[in-house]
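Visitor: Pasting start-v8.cif below, which is mmCIF, C-alpha atoms.
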```cif
data_query
loop_
_atom_site.group_PDB
_atom_site.id
_atom_site.type_symbol
_atom_site.label_atom_id
_atom_site.label_comp_id
_atom_site.auth_asym_id
_atom_site.auth_seq_id
_atom_site.Cartn_x
_atom_site.Cartn_y
_atom_site.Cartn_z
ATOM 1 C CA MET T 1160 -104.546 32.613 30.829
ATOM 2 C CA PHE T 1161 -103.362 35.436 33.037
ATOM 3 C CA SER T 1162 -100.129 37.103 34.040
ATOM 4 C CA LEU T 1163 -98.946 39.072 37.047
ATOM 5 C CA LYS T 1164 -97.661 42.632 37.035
ATOM 6 C CA THR T 1165 -96.593 45.228 39.555
ATOM 7 C CA LEU T 1166 -97.858 48.670 38.592
ATOM 8 C CA LEU T 1167 -97.108 52.007 40.233
ATOM 9 C CA ILE T 1168 -100.435 53.649 41.008
ATOM 10 C CA HIS T 1169 -100.582 56.947 42.902
ATOM 11 C CA GLN T 1170 -96.901 56.362 43.707
ATOM 12 C CA ALA T 1171 -97.547 53.011 45.409
ATOM 13 C CA PRO T 1172 -96.785 49.524 43.997
ATOM 14 C CA VAL T 1173 -99.906 47.455 43.302
ATOM 15 C CA ALA T 1174 -99.960 43.731 42.457
ATOM 16 C CA CYS T 1175 -102.141 43.190 39.400
ATOM 17 C CA LEU T 1176 -103.709 40.431 37.331
ATOM 18 C CA SER T 1177 -103.468 40.963 33.596
ATOM 19 C CA VAL T 1178 -106.204 39.196 31.599
ATOM 20 C CA ASP T 1179 -106.802 39.694 27.864
ATOM 21 C CA GLY T 1180 -104.542 42.733 27.876
ATOM 22 C CA LYS T 1181 -106.353 44.468 30.743
ATOM 23 C CA ASP T 1182 -104.941 45.032 34.219
ATOM 24 C CA TYR T 1183 -106.830 44.614 37.499
ATOM 25 C CA SER T 1184 -105.756 45.225 41.074
ATOM 26 C CA ILE T 1185 -105.737 41.869 42.847
ATOM 27 C CA ALA T 1186 -106.882 43.505 46.076
ATOM 28 C CA ALA T 1187 -109.818 45.201 44.305
ATOM 29 C CA LEU T 1188 -110.857 41.922 42.643
ATOM 30 C CA CYS T 1189 -110.756 40.069 45.959
ATOM 31 C CA GLN T 1190 -112.964 42.709 47.550
ATOM 32 C CA ARG T 1191 -115.452 42.858 44.651
ATOM 33 C CA LEU T 1192 -115.792 39.088 44.362
ATOM 34 C CA ASN T 1193 -115.856 38.432 48.125
ATOM 35 C CA ALA T 1194 -112.827 36.199 47.681
ATOM 36 C CA ALA T 1195 -110.246 35.387 50.311
ATOM 37 C CA THR T 1196 -107.770 38.228 50.649
ATOM 38 C CA LEU T 1197 -104.533 37.741 48.755
ATOM 39 C CA PRO T 1198 -101.259 39.612 49.296
ATOM 40 C CA ASP T 1199 -100.944 42.927 47.451
ATOM 41 C CA SER T 1200 -97.425 41.961 46.429
ATOM 42 C CA VAL T 1201 -96.245 39.532 43.738
ATOM 43 C CA PHE T 1202 -93.271 38.658 45.921
ATOM 44 C CA GLU T 1203 -95.598 37.615 48.762
ATOM 45 C CA LEU T 1204 -97.838 35.690 46.359
ATOM 46 C CA LEU T 1205 -94.803 33.641 45.359
ATOM 47 C CA GLU T 1206 -94.012 32.743 48.966
ATOM 48 C CA HIS T 1207 -97.084 30.456 48.960
ATOM 49 C CA TRP T 1208 -97.335 29.933 45.216
ATOM 50 C CA ASP T 1209 -98.913 26.464 45.194
ATOM 51 C CA ASP T 1210 -101.747 27.721 47.419
ATOM 52 C CA ASN T 1211 -102.189 31.065 45.661
ATOM 53 C CA LEU T 1212 -102.099 29.905 42.034
ATOM 54 C CA PRO T 1213 -105.615 28.337 42.016
ATOM 55 C CA LYS T 1214 -106.985 31.404 43.821
ATOM 56 C CA LEU T 1215 -105.495 33.649 41.150
ATOM 57 C CA GLN T 1216 -106.946 31.423 38.435
ATOM 58 C CA ALA T 1217 -110.381 31.771 40.001
ATOM 59 C CA LEU T 1218 -110.041 35.564 40.097
ATOM 60 C CA ALA T 1219 -108.893 35.661 36.483
ATOM 61 C CA GLU T 1220 -111.937 33.694 35.325
ATOM 62 C CA GLN T 1221 -114.229 36.371 36.773
ATOM 63 C CA ALA T 1222 -112.107 39.456 36.153
ATOM 64 C CA THR T 1223 -113.261 40.325 32.626
ATOM 65 C CA ALA T 1224 -116.812 40.930 33.855
ATOM 66 C CA GLN T 1225 -115.546 43.634 36.220
ATOM 67 C CA THR T 1226 -115.096 46.264 33.526
ATOM 68 C CA ASP T 1227 -115.152 49.173 35.968
ATOM 69 C CA LEU T 1228 -112.081 47.760 37.753
ATOM 70 C CA VAL T 1229 -109.817 47.896 34.691
ATOM 71 C CA LEU T 1230 -106.796 50.055 35.502
ATOM 72 C CA THR T 1231 -106.357 52.852 32.980
ATOM 73 C CA ASP T 1232 -104.288 55.419 34.875
ATOM 74 C CA THR T 1233 -100.941 54.084 36.070
ATOM 75 C CA ASP T 1234 -97.706 55.919 36.829
ATOM 76 C CA ALA T 1235 -95.280 53.208 35.681
ATOM 77 C CA THR T 1236 -94.758 49.483 35.199
ATOM 78 C CA LEU T 1237 -92.362 48.118 37.804
ATOM 79 C CA PRO T 1238 -90.489 44.803 37.738
ATOM 80 C CA PRO T 1239 -93.102 42.034 38.160
ATOM 81 C CA VAL T 1240 -91.404 40.837 41.371
ATOM 82 C CA LEU T 1241 -90.666 43.820 43.581
ATOM 83 C CA TYR T 1242 -87.993 42.971 44.579
ATOM 84 C CA PRO T 1243 -86.354 39.577 44.014
ATOM 85 C CA GLY T 1244 -84.254 38.260 46.860
ATOM 86 C CA LYS T 1245 -81.583 37.351 44.312
ATOM 87 C CA ILE T 1246 -80.999 37.976 40.623
ATOM 88 C CA LEU T 1247 -78.714 35.249 39.283
ATOM 89 C CA CYS T 1248 -77.426 35.202 35.724
ATOM 90 C CA ALA T 1249 -76.002 32.311 33.713
ATOM 91 C CA GLY T 1250 -72.945 33.326 31.714
ATOM 92 C CA ALA T 1251 -72.045 32.246 28.163
ATOM 93 C CA ASN T 1252 -74.865 29.705 27.845
ATOM 94 C CA TYR T 1253 -75.773 29.685 24.128
ATOM 95 C CA TYR T 1254 -73.789 27.864 21.467
ATOM 96 C CA ASP T 1255 -74.071 30.687 18.921
ATOM 97 C CA HIS T 1256 -72.986 33.289 21.482
ATOM 98 C CA LEU T 1257 -69.809 31.306 22.185
ATOM 99 C CA GLU T 1258 -69.168 31.068 18.462
ATOM 100 C CA GLU T 1259 -69.434 34.831 17.978
ATOM 101 C CA MET T 1260 -66.901 35.260 20.795
ATOM 102 C CA ASN T 1261 -64.555 32.741 19.134
ATOM 103 C CA VAL T 1262 -64.820 30.320 22.060
ATOM 104 C CA PRO T 1263 -64.971 26.504 21.551
ATOM 105 C CA ALA T 1264 -68.694 25.787 21.399
ATOM 106 C CA GLU T 1265 -68.876 22.226 22.643
ATOM 107 C CA LYS T 1266 -70.653 21.381 25.883
ATOM 108 C CA LYS T 1267 -67.797 19.199 27.131
ATOM 109 C CA ASP T 1268 -65.526 22.253 27.042
ATOM 110 C CA GLN T 1269 -67.864 24.447 29.087
ATOM 111 C CA ARG T 1270 -68.531 24.954 32.754
ATOM 112 C CA LEU T 1271 -71.870 26.398 33.837
ATOM 113 C CA PHE T 1272 -71.272 29.561 35.869
ATOM 114 C CA PHE T 1273 -73.358 32.383 37.316
ATOM 115 C CA PHE T 1274 -73.015 35.941 38.563
ATOM 116 C CA PHE T 1275 -75.233 38.220 40.668
ATOM 117 C CA LYS T 1276 -76.974 41.498 40.057
ATOM 118 C CA PRO T 1277 -78.120 43.537 43.094
ATOM 119 C CA ALA T 1278 -81.902 43.145 42.953
ATOM 120 C CA ARG T 1279 -83.157 46.435 44.364
ATOM 121 C CA GLN T 1280 -80.674 48.623 42.497
ATOM 122 C CA ALA T 1281 -80.467 46.731 39.196
ATOM 123 C CA ALA T 1282 -84.077 45.724 38.488
ATOM 124 C CA ILE T 1283 -86.247 48.177 36.541
ATOM 125 C CA GLY T 1284 -89.600 47.707 34.859
ATOM 126 C CA ASP T 1285 -91.025 47.933 31.375
ATOM 127 C CA GLY T 1286 -90.647 51.403 29.887
ATOM 128 C CA GLN T 1287 -88.257 52.636 32.560
ATOM 129 C CA HIS T 1288 -84.924 54.279 31.748
ATOM 130 C CA ALA T 1289 -81.511 52.646 32.123
ATOM 131 C CA ALA T 1290 -78.631 55.057 32.527
ATOM 132 C CA ILE T 1291 -75.210 54.255 31.095
ATOM 133 C CA PRO T 1292 -72.759 53.964 34.027
ATOM 134 C CA LYS T 1293 -70.381 56.868 34.547
ATOM 135 C CA ASN T 1294 -67.258 56.606 32.345
ATOM 136 C CA CYS T 1295 -68.591 53.550 30.500
ATOM 137 C CA GLN T 1296 -67.972 53.640 26.744
ATOM 138 C CA LYS T 1297 -69.071 50.097 25.864
ATOM 139 C CA TYR T 1298 -72.532 49.452 27.304
ATOM 140 C CA ASP T 1299 -74.058 46.342 25.747
ATOM 141 C CA TRP T 1300 -77.368 44.452 25.520
ATOM 142 C CA GLU T 1301 -78.327 40.819 26.139
ATOM 143 C CA ILE T 1302 -81.882 39.455 25.907
ATOM 144 C CA GLU T 1303 -82.575 36.610 28.351
ATOM 145 C CA LEU T 1304 -85.366 34.271 29.371
ATOM 146 C CA ALA T 1305 -85.805 34.621 33.138
ATOM 147 C CA MET T 1306 -87.168 31.961 35.493
ATOM 148 C CA VAL T 1307 -88.971 33.075 38.660
ATOM 149 C CA ILE T 1308 -88.735 30.695 41.611
ATOM 150 C CA GLY T 1309 -91.936 29.707 43.419
ATOM 151 C CA LYS T 1310 -90.758 27.126 45.920
ATOM 152 C CA ARG T 1311 -87.730 26.900 48.223
ATOM 153 C CA ALA T 1312 -85.113 24.797 46.467
ATOM 154 C CA LYS T 1313 -81.913 23.046 47.530
ATOM 155 C CA ASP T 1314 -80.109 20.119 45.874
ATOM 156 C CA LEU T 1315 -82.639 19.722 43.076
ATOM 157 C CA THR T 1316 -82.541 16.922 40.518
ATOM 158 C CA LEU T 1317 -83.216 16.937 36.794
ATOM 159 C CA GLU T 1318 -86.514 15.200 37.567
ATOM 160 C CA ASN T 1319 -87.909 17.724 40.079
ATOM 161 C CA ALA T 1320 -86.191 20.985 39.142
ATOM 162 C CA MET T 1321 -88.975 22.521 37.078
ATOM 163 C CA GLU T 1322 -91.521 21.970 39.852
ATOM 164 C CA HIS T 1323 -89.854 24.888 41.631
ATOM 165 C CA VAL T 1324 -90.407 27.416 38.835
ATOM 166 C CA ALA T 1325 -93.453 29.647 39.339
ATOM 167 C CA GLY T 1326 -93.189 31.350 35.986
ATOM 168 C CA TYR T 1327 -91.197 33.179 33.362
ATOM 169 C CA THR T 1328 -90.504 36.715 32.245
ATOM 170 C CA ILE T 1329 -88.157 38.665 29.971
ATOM 171 C CA ALA T 1330 -84.938 40.304 31.092
ATOM 172 C CA ILE T 1331 -82.206 42.391 29.499
ATOM 173 C CA ASP T 1332 -78.739 42.006 30.977
ATOM 174 C CA LEU T 1333 -77.028 45.360 30.377
ATOM 175 C CA SER T 1334 -73.262 44.950 30.548
ATOM 176 C CA ALA T 1335 -70.392 47.432 30.880
ATOM 177 C CA ARG T 1336 -67.927 45.605 28.636
ATOM 178 C CA ASP T 1337 -65.074 48.048 29.176
ATOM 179 C CA PHE T 1338 -65.353 47.605 32.958
ATOM 180 C CA ALA T 1339 -65.095 43.827 32.686
ATOM 181 C CA ARG T 1340 -61.500 43.034 31.839
ATOM 182 C CA ALA T 1341 -58.566 43.688 34.138
ATOM 183 C CA PRO T 1342 -55.641 41.944 32.377
ATOM 184 C CA GLU T 1343 -53.069 43.717 34.515
ATOM 185 C CA GLN T 1344 -54.605 42.292 37.712
ATOM 186 C CA PHE T 1345 -54.332 38.723 38.966
ATOM 187 C CA TYR T 1346 -58.133 38.286 38.912
ATOM 188 C CA LYS T 1347 -58.322 39.244 35.181
ATOM 189 C CA PHE T 1348 -62.100 39.806 35.105
ATOM 190 C CA ASP T 1349 -64.299 42.116 37.198
ATOM 191 C CA TRP T 1350 -67.852 40.747 37.184
ATOM 192 C CA VAL T 1351 -69.196 43.316 39.647
ATOM 193 C CA ALA T 1352 -68.018 46.314 37.630
ATOM 194 C CA ALA T 1353 -69.314 44.765 34.404
ATOM 195 C CA LYS T 1354 -72.690 43.475 35.553
ATOM 196 C CA ALA T 1355 -73.857 45.019 38.834
ATOM 197 C CA ASN T 1356 -74.583 48.582 37.733
ATOM 198 C CA ASP T 1357 -77.731 50.417 38.774
ATOM 199 C CA ALA T 1358 -80.699 49.875 36.429
ATOM 200 C CA SER T 1359 -78.758 47.192 34.543
ATOM 201 C CA CYS T 1360 -81.546 44.601 34.578
ATOM 202 C CA PRO T 1361 -84.846 45.563 32.945
ATOM 203 C CA ILE T 1362 -87.384 42.827 33.776
ATOM 204 C CA GLY T 1363 -90.958 42.348 32.611
ATOM 205 C CA PRO T 1364 -93.436 43.372 31.561
ATOM 206 C CA ALA T 1365 -95.184 40.523 33.387
ATOM 207 C CA LEU T 1366 -94.683 37.196 35.102
ATOM 208 C CA ILE T 1367 -96.316 34.420 33.069
ATOM 209 C CA PRO T 1368 -97.163 31.393 35.257
ATOM 210 C CA ALA T 1369 -95.311 28.250 34.227
ATOM 211 C CA CYS T 1370 -98.575 26.387 33.651
ATOM 212 C CA PHE T 1371 -99.187 28.635 30.620
ATOM 213 C CA VAL T 1372 -95.759 28.043 29.045
ATOM 214 C CA SER T 1373 -95.897 24.627 27.392
ATOM 215 C CA ASP T 1374 -92.200 24.405 26.478
ATOM 216 C CA PRO T 1375 -89.853 27.059 27.872
ATOM 217 C CA GLN T 1376 -87.026 25.320 26.014
ATOM 218 C CA ASN T 1377 -88.599 26.272 22.664
ATOM 219 C CA LEU T 1378 -89.359 30.000 22.784
ATOM 220 C CA ASP T 1379 -88.457 32.479 20.066
ATOM 221 C CA MET T 1380 -86.562 35.507 21.350
ATOM 222 C CA ARG T 1381 -85.721 38.742 19.565
ATOM 223 C CA LEU T 1382 -84.041 41.983 20.591
ATOM 224 C CA GLU T 1383 -84.332 45.155 18.531
ATOM 225 C CA LEU T 1384 -82.205 48.290 18.901
ATOM 226 C CA ASN T 1385 -83.916 51.366 17.439
ATOM 227 C CA GLY T 1386 -86.048 49.066 15.308
ATOM 228 C CA GLN T 1387 -83.155 46.975 13.965
ATOM 229 C CA ILE T 1388 -83.041 43.295 14.911
ATOM 230 C CA LYS T 1389 -79.820 42.486 16.775
ATOM 231 C CA GLN T 1390 -80.623 39.147 18.403
ATOM 232 C CA ASP T 1391 -82.971 36.563 16.858
ATOM 233 C CA ALA T 1392 -82.847 33.058 18.325
ATOM 234 C CA ASN T 1393 -84.672 30.349 20.250
ATOM 235 C CA THR T 1394 -84.215 29.106 23.808
ATOM 236 C CA SER T 1395 -83.440 25.671 22.365
ATOM 237 C CA GLY T 1396 -79.953 27.040 21.680
ATOM 238 C CA MET T 1397 -78.920 26.868 25.337
ATOM 239 C CA ILE T 1398 -75.857 24.800 26.235
ATOM 240 C CA PHE T 1399 -77.136 23.963 29.724
ATOM 241 C CA ASP T 1400 -80.919 23.701 29.840
ATOM 242 C CA LEU T 1401 -83.174 25.160 32.504
ATOM 243 C CA ARG T 1402 -83.152 21.992 34.611
ATOM 244 C CA GLU T 1403 -79.365 21.780 34.576
ATOM 245 C CA GLN T 1404 -79.102 25.414 35.621
ATOM 246 C CA LEU T 1405 -81.396 24.899 38.614
ATOM 247 C CA VAL T 1406 -79.586 21.726 39.659
ATOM 248 C CA ARG T 1407 -76.212 23.486 39.602
ATOM 249 C CA LEU T 1408 -77.479 26.606 41.356
ATOM 250 C CA THR T 1409 -79.034 24.596 44.171
ATOM 251 C CA GLU T 1410 -75.802 22.700 44.677
ATOM 252 C CA ILE T 1411 -74.260 26.092 45.418
ATOM 253 C CA MET T 1412 -77.035 27.825 47.361
ATOM 254 C CA THR T 1413 -80.678 27.719 48.406
ATOM 255 C CA LEU T 1414 -83.118 29.381 46.036
ATOM 256 C CA GLU T 1415 -86.105 31.116 47.602
ATOM 257 C CA PRO T 1416 -89.525 32.130 46.241
ATOM 258 C CA GLY T 1417 -89.176 35.333 44.265
ATOM 259 C CA ASP T 1418 -85.593 34.723 43.180
ATOM 260 C CA VAL T 1419 -85.011 35.384 39.473
ATOM 261 C CA VAL T 1420 -82.637 33.372 37.281
ATOM 262 C CA LEU T 1421 -81.510 34.818 33.938
ATOM 263 C CA THR T 1422 -80.638 31.895 31.708
ATOM 264 C CA GLY T 1423 -78.122 33.244 29.183
ATOM 265 C CA THR T 1424 -78.167 35.200 25.930
ATOM 266 C CA PRO T 1425 -77.849 34.133 22.285
ATOM 267 C CA ALA T 1426 -75.628 35.619 19.583
ATOM 268 C CA GLY T 1427 -76.032 39.208 18.466
ATOM 269 C CA VAL T 1428 -74.606 41.194 21.380
ATOM 270 C CA GLY T 1429 -72.944 44.521 20.629
ATOM 271 C CA ALA T 1430 -69.441 43.484 21.660
ATOM 272 C CA ALA T 1431 -69.261 40.986 18.795
ATOM 273 C CA ARG T 1432 -69.949 43.796 16.311
ATOM 274 C CA GLY T 1433 -68.144 46.628 18.050
ATOM 275 C CA GLU T 1434 -71.499 48.384 18.543
ATOM 276 C CA PHE T 1435 -72.613 49.835 21.862
ATOM 277 C CA LEU T 1436 -75.499 51.728 23.408
ATOM 278 C CA ALA T 1437 -75.886 55.510 23.435
ATOM 279 C CA PRO T 1438 -78.300 57.839 25.255
ATOM 280 C CA GLY T 1439 -81.708 57.827 23.597
ATOM 281 C CA ASP T 1440 -81.407 54.304 22.215
ATOM 282 C CA GLN T 1441 -84.564 52.209 22.353
ATOM 283 C CA LEU T 1442 -84.376 48.504 23.223
ATOM 284 C CA ARG T 1443 -87.279 46.155 22.523
ATOM 285 C CA ALA T 1444 -86.960 42.574 23.804
ATOM 286 C CA HIS T 1445 -89.616 40.047 22.790
ATOM 287 C CA ILE T 1446 -90.050 36.391 23.788
ATOM 288 C CA SER T 1447 -92.920 34.384 22.314
ATOM 289 C CA GLY T 1448 -95.776 34.008 24.763
ATOM 290 C CA LEU T 1449 -94.178 36.310 27.330
ATOM 291 C CA GLY T 1450 -94.696 39.726 25.754
ATOM 292 C CA THR T 1451 -92.360 42.597 24.952
ATOM 293 C CA LEU T 1452 -90.055 44.536 27.266
ATOM 294 C CA HIS T 1453 -89.129 48.127 26.357
ATOM 295 C CA THR T 1454 -86.212 50.146 27.729
ATOM 296 C CA THR T 1455 -84.799 53.566 26.886
ATOM 297 C CA ILE T 1456 -81.079 54.210 27.442
ATOM 298 C CA ALA T 1457 -80.478 57.382 29.421
#
```
Any chance you could put this one into structure tokens?
Guide:
Amino acid sequence: MFSLKTLLIHQAPVACLSVDGKDYSIAALCQRLNAATLPDSVFELLEHWDDNLPKLQALAEQATAQTDLVLTDTDATLPPVLYPGKILCAGANYYDHLEEMNVPAEKKDQRLFFFFKPARQAAIGDGQHAAIPKNCQKYDWEIELAMVIGKRAKDLTLENAMEHVAGYTIAIDLSARDFARAPEQFYKFDWVAAKANDASCPIGPALIPACFVSDPQNLDMRLELNGQIKQDANTSGMIFDLREQLVRLTEIMTLEPGDVVLTGTPAGVGAARGEFLAPGDQLRAHISGLGTLHTTIA
């Protein structure tokens, strides 16, 4: 098993293989092993994912013997895909989350909907800081399973949808709750102000190829705030499953390799408790088999 990361090394992004907890530059492995050159960018690897996956597997099988290539001095961990073409987010997609918001929690009453986050400005990596937006008093957390697209997709079906997923990672959807509602205006809800803030989408720490995730619809997920568990659920609690989300999205638009789809959050968000983030808070988001994503609120 291996995963993909993007690390900042000497102030330059480097695409890396992570094997047994150790990170290796893909470019350095290709050179050492006399392998065909692969792109030094996870985004570019995804553009030809079906061709590149077996090449990455071959590198991973030989990587652990290259002990002198293990990366030990990195500046930062960046989002695994630098940068997605699109970050799409499913709204209100867990039964228990609807219940905590006092919304009827039956599938027949729901409509699957999505919103955007601006990829370059919103996406940050593991361990990076997320600043509370200016004048925001109710900044909130949401742990989410994220799908990463590996094949161009339009008008998918339930039968072929998952063939277009390259892998999975963890995301936190940070939300400015007090920017969201505009009851005095005809549009009533401002998704851009609530969801599109800079550094509002920590992603990572790594992209786990789909072939290593046996059942993405049965993953434990947990978010801790300063060591206290706030969200503790399983991806089986989704209202619309991963296939249904991809089918609906590709009715609306074309998905491209490197696009990231956040798939909804379970119960335990701050708004339901009247609790919100403050500078210095530490968020820790864990999904079984995918690792742990850390973020500090600035």
Visitor: Quick one: residues within 10 Å of Leu1421 (chain T), all atoms listed in the file, excluding same-chain residues fewer than 6 positions away - as a PyMOL selection string?
Guide: chain T and resi 1246-1250+1273-1275+1302-1307+1327-1332+1360+1362+1401+1404
Visitor: Could you check how far CA of Gly1427 (chain T) sits from CA of Lys1389 (chain T), in Å to one decimal?
Guide: 5.3 Å
Visitor: Would you kindly return, as a VMD selection string, each protein, DNA or RNA residue with an atom no farther than 12 Å from any atom of region 1292-1298 of chain T, considering all atoms listed in the file and excluding same-chain residues fewer than 4 positions away?
Guide: chain T and resid 1281 1332 to 1340 1352 to 1359 1428 to 1438 1440 1456 to 1457
Visitor: Counting only C-alpha atoms, which residues of region 1322-1392 of chain T sit at most 10 Å from some atom of region 1209-1224 of chain T, and what is each one's closest atom pair with its distance in Å to one decimal, listed by chain and rising residue number, as a tab-separated table?
Guide:
```
residue	atom	partner	partner_atom	distance
T:His1323	CA	T:Asp1209	CA	9.9
T:Ala1325	CA	T:Asp1209	CA	8.6
T:Pro1368	CA	T:Leu1212	CA	8.5
T:Cys1370	CA	T:Leu1212	CA	9.8
```
Visitor: What residues have an atom no more than 12 Å from (-90.5, 28.3, 19.9) in the file's own frame, counting only C-alpha atoms, and can you write them as a VMD selection string?
Guide: chain T and resid 1372 to 1381 1391 to 1396 1446 to 1449
Visitor: Take the PyMOL selection byres ((chain T and resi 1206) around 9), run it mentally on this structure, and tell me the resulting residues as a PyMOL selection string.
Guide: chain T and resi 1201-1205+1207-1209+1211+1309-1311+1415-1417
Visitor: Could you check the closest approach to Thr1165 (chain T) for each of T:Val1351, T:Leu1366, T:Ala1289, T:Ile1398 and tell me which residue wins, using all atoms listed in the file?
Guide: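 Closest candidate: T:Leu1366.
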Visitor: Looking at T:Asn1193, T:Thr1454, T:Thr1236, T:Thr1231, which one is nearest to Val1173 (chain T), with distances taken over only C-alpha atoms?
Guide: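 The shortest atom-to-atom distance to Val1173 (chain T) comes from T:Thr1236.
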Visitor: Using only C-alpha atoms, can you list as a PyMOL selection string the residues within 12 Å of (-101.2, 50.2, 41.8)?
Guide: chain T and resi 1164-1176+1182-1187+1199-1201+1228-1237
Visitor: Would you work out the distance separating CA of Pro1263 (chain T) from CA of Gly1423 (chain T), expressed in Å to one decimal?
Guide: 16.6 Å
Visitor: Apply the PyMOL selection byres ((chain T and resi 1412) around 12) to the structure shown and report the selected residues as a VMD selection string.
Guide: chain T and resid 1245 1247 1273 1311 to 1315 1405 to 1411 1413 to 1415 1418
Visitor: Any chance you can output those residues with C-alpha atoms as a PDB file, in the coordinates of the input?
Guide:
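Everything below was put into selection_0.pdb:
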```pdb
ATOM      1  CA  LYS T1245     -81.583  37.351  44.312  1.00  0.00           C
ATOM      2  CA  LEU T1247     -78.714  35.249  39.283  1.00  0.00           C
ATOM      3  CA  PHE T1273     -73.358  32.383  37.316  1.00  0.00           C
ATOM      4  CA  ARG T1311     -87.730  26.900  48.223  1.00  0.00           C
ATOM      5  CA  ALA T1312     -85.113  24.797  46.467  1.00  0.00           C
ATOM      6  CA  LYS T1313     -81.913  23.046  47.530  1.00  0.00           C
ATOM      7  CA  ASP T1314     -80.109  20.119  45.874  1.00  0.00           C
ATOM      8  CA  LEU T1315     -82.639  19.722  43.076  1.00  0.00           C
ATOM      9  CA  LEU T1405     -81.396  24.899  38.614  1.00  0.00           C
ATOM     10  CA  VAL T1406     -79.586  21.726  39.659  1.00  0.00           C
ATOM     11  CA  ARG T1407     -76.212  23.486  39.602  1.00  0.00           C
ATOM     12  CA  LEU T1408     -77.479  26.606  41.356  1.00  0.00           C
ATOM     13  CA  THR T1409     -79.034  24.596  44.171  1.00  0.00           C
ATOM     14  CA  GLU T1410     -75.802  22.700  44.677  1.00  0.00           C
ATOM     15  CA  ILE T1411     -74.260  26.092  45.418  1.00  0.00           C
ATOM     16  CA  THR T1413     -80.678  27.719  48.406  1.00  0.00           C
ATOM     17  CA  LEU T1414     -83.118  29.381  46.036  1.00  0.00           C
ATOM     18  CA  GLU T1415     -86.105  31.116  47.602  1.00  0.00           C
ATOM     19  CA  ASP T1418     -85.593  34.723  43.180  1.00  0.00           C
TER      20      ASP T1418
END
```
Visitor: Would you compute the distance between CA of Leu1257 (chain T) and CA of Ala1426 (chain T)? Give it in Å to one decimal.
Guide: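 So the answer is 7.7 Å.
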Visitor: Would you please work out which residue, of T:Glu1322, T:Trp1350, T:Ile1367, T:Ile1291, is nearest to Pro1239 (chain T) when using only C-alpha atoms?
Guide: T:Ile1367
Visitor: Identify, on the basis of all atoms listed in the file, every residue whose closest approach to Lys1267 (chain T) does not exceed 12 Å; exclude the query and any residue fewer than 2 positions from it along the same chain; express the result as a count of residues only.
Guide: 9
Visitor: Kindly indicate which residue among T:Gln1387, T:Asn1319, T:Thr1424, T:Thr1455 lies nearest to Arg1402 (chain T), using only C-alpha atoms for the distances.
Guide: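 Using only C-alpha atoms, Arg1402 (chain T) sits closest to T:Asn1319.
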